[in-house]
Structure formats: C-alpha cells, structure tokens
Amino acid sequence: MDKTLVIPGDFLSDDAKLADEGTYVENGKVFSSVFGIASFKNRIRVAPLSGKYIPKPGDLIVGVIKEITFSNWIVDIRSPYEGLLHISEYPKRIESQDMPRYLNIGDSILTLVKDVDANMKVELTLSDQRLRPIKEGRVIEVTPSKVPRFIGRGGSMIAMLKNETGCSIFIGQNGRIWITGKDKGMDLAARAILKIERETHISGLTDRITRFLKEEKGEGEKEPERETKGEEEKIEEREGPQPVEGEKAEERKSGGILDELLGND
Amino acid sequence: MNRPEKLIEGDIRLDGRRPDELRPIKIKVGALNRADGSCYLELGGNKVMAAVYGPREVHPRHMAKSTSAVVRYRYSMASFSVEERKRPGPDRRSIEVSKVSREALEPVIFEEYFPRSAIDIFVEVLQADAGTRTAGINAASIALADAGIPMKSLVSSCAVGKVDDTLVLDLNKDEDNYGQADMPVAMTPDGNITLLQMDGHLTRDEFREALEMAKGACTTIYELQRAALVEKYSSQMEGGDVIE
C-alpha cells in the first residue's frame, strides 16, 4: 500500500476532491498539514505521528473527574478542552449535594462525548449501556493519534491483545487505555501497549506484538517462582476456550466484567 | 574584543567561509521528552533548544481567543550563553525577538483549528554566536511539526549582511558586530516572507541581491529541516522492513 512519511507543506495530489484529514487544499492542490504518514488509498489522508486529542461527538473516551460544580462534573479528557458531565447525564437521578458520593475527584469514568459546540464546550454523558465509572483495573496513557494502531485493522490488534493476555481492554479515543484482568495479564498487556506505542510506525506491528507476547509468556512459565507460575496457569486456563470464538467471546467476557461493575453501583 | 582589521580577505571570511556559505547546521528532533514537540539545533556556534507545548488550556484565561488558538513564543537567552553574563529574564531585546519570531511562525499555523487553546513555543539560547533568532525560528518550526500541530509548511530562516562592502550569508559574531548591515529573513519553502528585519545600510540593488541570497540559504536550510524530521522515524521504519 502507498504510505509515505510527509512533513507539513508536502505536495500530495492535484485532485482536491481526494483531500481528507491531515491535509489542506490551496490552488486546487492537496498538501499535507501535519507531520505524519500519508496514505493514498481511496482518499488522501495524513495520520499525524503526535498531537493532542480533539474531542468529537460520539467518541468513547476515558476521563478523570477533576472538579465538581453545582450541577456538573468537570472531567479531564486529555485534551486542551475540559469535559462537562451534567448531573442529568448520570444514569440515575441524584441530588446535587450527593454528587461526590457517586463520582468524586480523581475517579475515572468510561464516557461518551455527547456534543461539542463551536466554542469547544464538550458535553459528556454516562447514560448509555456501555458507559460507567471505572472502579478496577489500570489506565495507561498513549499518544491519541496512535489509537487506530492499537485497535488494528478490523480490530485485529485489540482482539489479539485480549486473547493473549486474558484481559478485558478498552481503548478510549483520547489515548487512555483501560485494562482489567489478572495482575500478571495486566502487566503483560501494559508492556505490550508500551511496545506498540514505541513502534507504531514500523510495519508488521501486529505480528511483532504477537511474537512478543508469546515469548514473554513462554519465559514466564519457565520462571521457578511458585506464585508466578500459578498465575500464569490461570491465565492459560481462561484463554483455553476463547481462541475458537475469537473476538466475540472476548466481547461477551468484557461485557460480563462490566455488568459486574454496574451491579456494584 | 577589537574590530579585526579586515572582515573579509580576498573571497574568504574570518572563519574561512566564502560569502555565500552557511555555517554547519546540526539538528536533533525530539530532544526533550516532556514537551509535546522539541528540537535542538546548532548553527555554527549557536546552540538553541526549542520546545512546543499544546494546543493546551490557556492560562491566564482572559488571553484565550474564542475563534482560534493563541500562539505564544518565548525567546530567552541563558545567562551563560554569551561571554559577559546575561542578566536572566526578559529584556527589551528578547521581548522584541519573541514578538517577531512569533509573527514569523503564526502565518503557517492553522490556529483556527484549536479555538480557546494555547500553543506555547519556548526557545532557549544556550550559546549565542550571532543569528540566534534565525536559529530559534528554524528550531521552533521543526518542534511545531514534531508536536503534531497542523501547519501550511515549515518556516526556514537565515540572515544576510554586508561586511567590508561585500554581501555575506549567515553572519558570525564579528561580522554582526562590526559589519555594515544585518538582515534576518524567514520564509516558507514557496518563498513567502514571514520575517524581514534590517539594521545598517544597504542600497536597493544590494537589498535585492541580499534577499535572493537569503532565499537560496532558506531552501538549503529547509532541506536540512526536512531531513531531520524524516530521520526521526525513517531509520526505524527501514529497520522494521528488514525484520519483515
């Protein structure tokens, strides 16, 4: 596939109709507006190699409560703009004075960008089946522009990560990744994620990460520590039936964990 | 230091360069981990570090613009960057340099993509040897690209001047101090000038010729900037292909 590294101002095409994200048009010609990887499949777009998360309606993200006002939680969404979660967007009706009991400062939430207006006022919501406070697991931060690489083509990367580590993994569009599962699996997933972060621009990523995970797990088993081995086996057990059904099985399993969380509320 | 008797002898300058020759340039992209984008640049005896943060929240709040990002550029010389200790902090000169450098970069930044946010550019001069503002602009434009900020193009910058009645590129300290004119220029690769200052005197013809020289030099610098950016990733990309 046609992929090249481009810098701002690089000429990409004479056909202005093909211009997509990461480009600009001047005098009917398409130029790159960012430093990144240009792809010429169907439309011309440039995926930046770095940059901040800019919220768009419909994005599923991981936010951290940073302030509580009379009727809003102010949420850090790893962006130049703060997210506003109105009290009425909480799944159930709560009183203003009870807000910290449900979501306090420092709590993480899996949330949806409901709307972004021209002034970059970002409205969030929690009233959706998929959304909830995050009460267990870990959150890892990665470069937001690299999020598509973590998901992989047709979800191949994330499916593989879930399979190999036995963890439930949620990737927020803002570059926050939420992992839940056994400690050992989470460690492995975290290391794999950091490896992806470092090597996103190198081709053959999924294969390399698969190999990395297999090797890491292989070594883990050889370790003489009793505790380690026990844990490793548990992960293997959990993995046993999954590869057959692939991602769907994983989805169901992560849904299960999420439902448990909801039950805790 | 006293004025050397001759700044240019035959066709050779004090530091051995020809009149249309630049000083050696060394560029390292992504030299800082904390910053969103960064660049370390050496231009002869100049050593500058540029760091870019943003787009990020604007503090103080009232500075925010509702339809575009604010670009802030802080040029600062380290106290040890010159022979005589420079009193730290902003002074008349560095405020001016900050302003013109910001205005040299603003035309290429798509500010309107990030309303109510700030893009902060910091340029720290670690060692000064004439031409720090041009070195700073060159480094800052690379750091902006490294930070993933949308831009129309990079900006390249270079100074031209006149010493001993000869037009010379990229003045060094002596030429700057004792020359007849100094003219820093910044421009985009397609030749749009975003910075043009001058002190001293040039005739109209000399000015035109000087500008042409600066254009040529900026093209050379642009290629070096591009190579530095590409190098940050391409060496690794090729490495990956070998594994395949």
# chains A, B, ... in the order shown; residues from 1 in each chain; ligands from 1
>>> interface_residues(of="chain A", to="chain B", cutoff="8 Å", atoms="only C-alpha atoms", output="PyMOL selection string")
chain A and resi 5-10+22+24+31-36+48-52+79-81+119-120+201-204
>>> residues_around(residues="segment 59-68 of chain A", least_positions_apart="2", cutoff="6 Å", atoms="only C-alpha atoms", output="number ranges by chain")
A: 56-57, 73-77, 105-113, 172-174, 176
>>> atom_distance(atom1="atom CA of Glu111 of chain B", atom2="atom CA of Ala64 of chain B")
11.9 Å
>>> atom_distance(atom1="atom CA of Leu43 of chain B", atom2="atom CA of Glu5 of chain B")
25.2 Å
>>> residues_around(residues="Ile137 of chain B", least_positions_apart="6", cutoff="8 Å", atoms="only C-alpha atoms", output="PyMOL selection string")
chain B and resi 101+104-105+155-157+186
>>> write_last_selection(atoms="N, CA, C and O atoms", output="mmCIF file, in the first residue's frame")
data_model
loop_
_atom_site.group_PDB
_atom_site.id
_atom_site.type_symbol
_atom_site.label_atom_id
_atom_site.label_comp_id
_atom_site.auth_asym_id
_atom_site.auth_seq_id
_atom_site.Cartn_x
_atom_site.Cartn_y
_atom_site.Cartn_z
ATOM 1 N N SER B 101 9.580 36.637 16.089
ATOM 2 C CA SER B 101 9.659 35.203 15.790
ATOM 3 C C SER B 101 8.268 34.585 15.784
ATOM 4 O O SER B 101 7.953 33.741 14.948
ATOM 5 N N ALA B 104 6.700 35.369 12.713
ATOM 6 C CA ALA B 104 7.286 34.635 11.590
ATOM 7 C C ALA B 104 6.654 33.260 11.453
ATOM 8 O O ALA B 104 6.601 32.698 10.361
ATOM 9 N N LEU B 105 6.153 32.705 12.570
ATOM 10 C CA LEU B 105 5.601 31.345 12.534
ATOM 11 C C LEU B 105 4.078 31.324 12.428
ATOM 12 O O LEU B 105 3.504 30.403 11.852
ATOM 13 N N VAL B 155 8.918 26.776 8.377
ATOM 14 C CA VAL B 155 9.490 28.097 8.119
ATOM 15 C C VAL B 155 11.002 27.957 8.265
ATOM 16 O O VAL B 155 11.480 27.318 9.198
ATOM 17 N N SER B 156 11.726 28.502 7.324
ATOM 18 C CA SER B 156 13.179 28.479 7.401
ATOM 19 C C SER B 156 13.687 29.908 7.485
ATOM 20 O O SER B 156 13.078 30.818 6.926
ATOM 21 N N SER B 157 14.798 30.078 8.166
ATOM 22 C CA SER B 157 15.247 31.433 8.417
ATOM 23 C C SER B 157 16.761 31.530 8.323
ATOM 24 O O SER B 157 17.487 30.603 8.687
ATOM 25 N N ALA B 186 12.990 35.289 7.301
ATOM 26 C CA ALA B 186 12.381 33.970 7.463
ATOM 27 C C ALA B 186 11.359 33.800 6.367
ATOM 28 O O ALA B 186 10.667 34.760 6.016
#
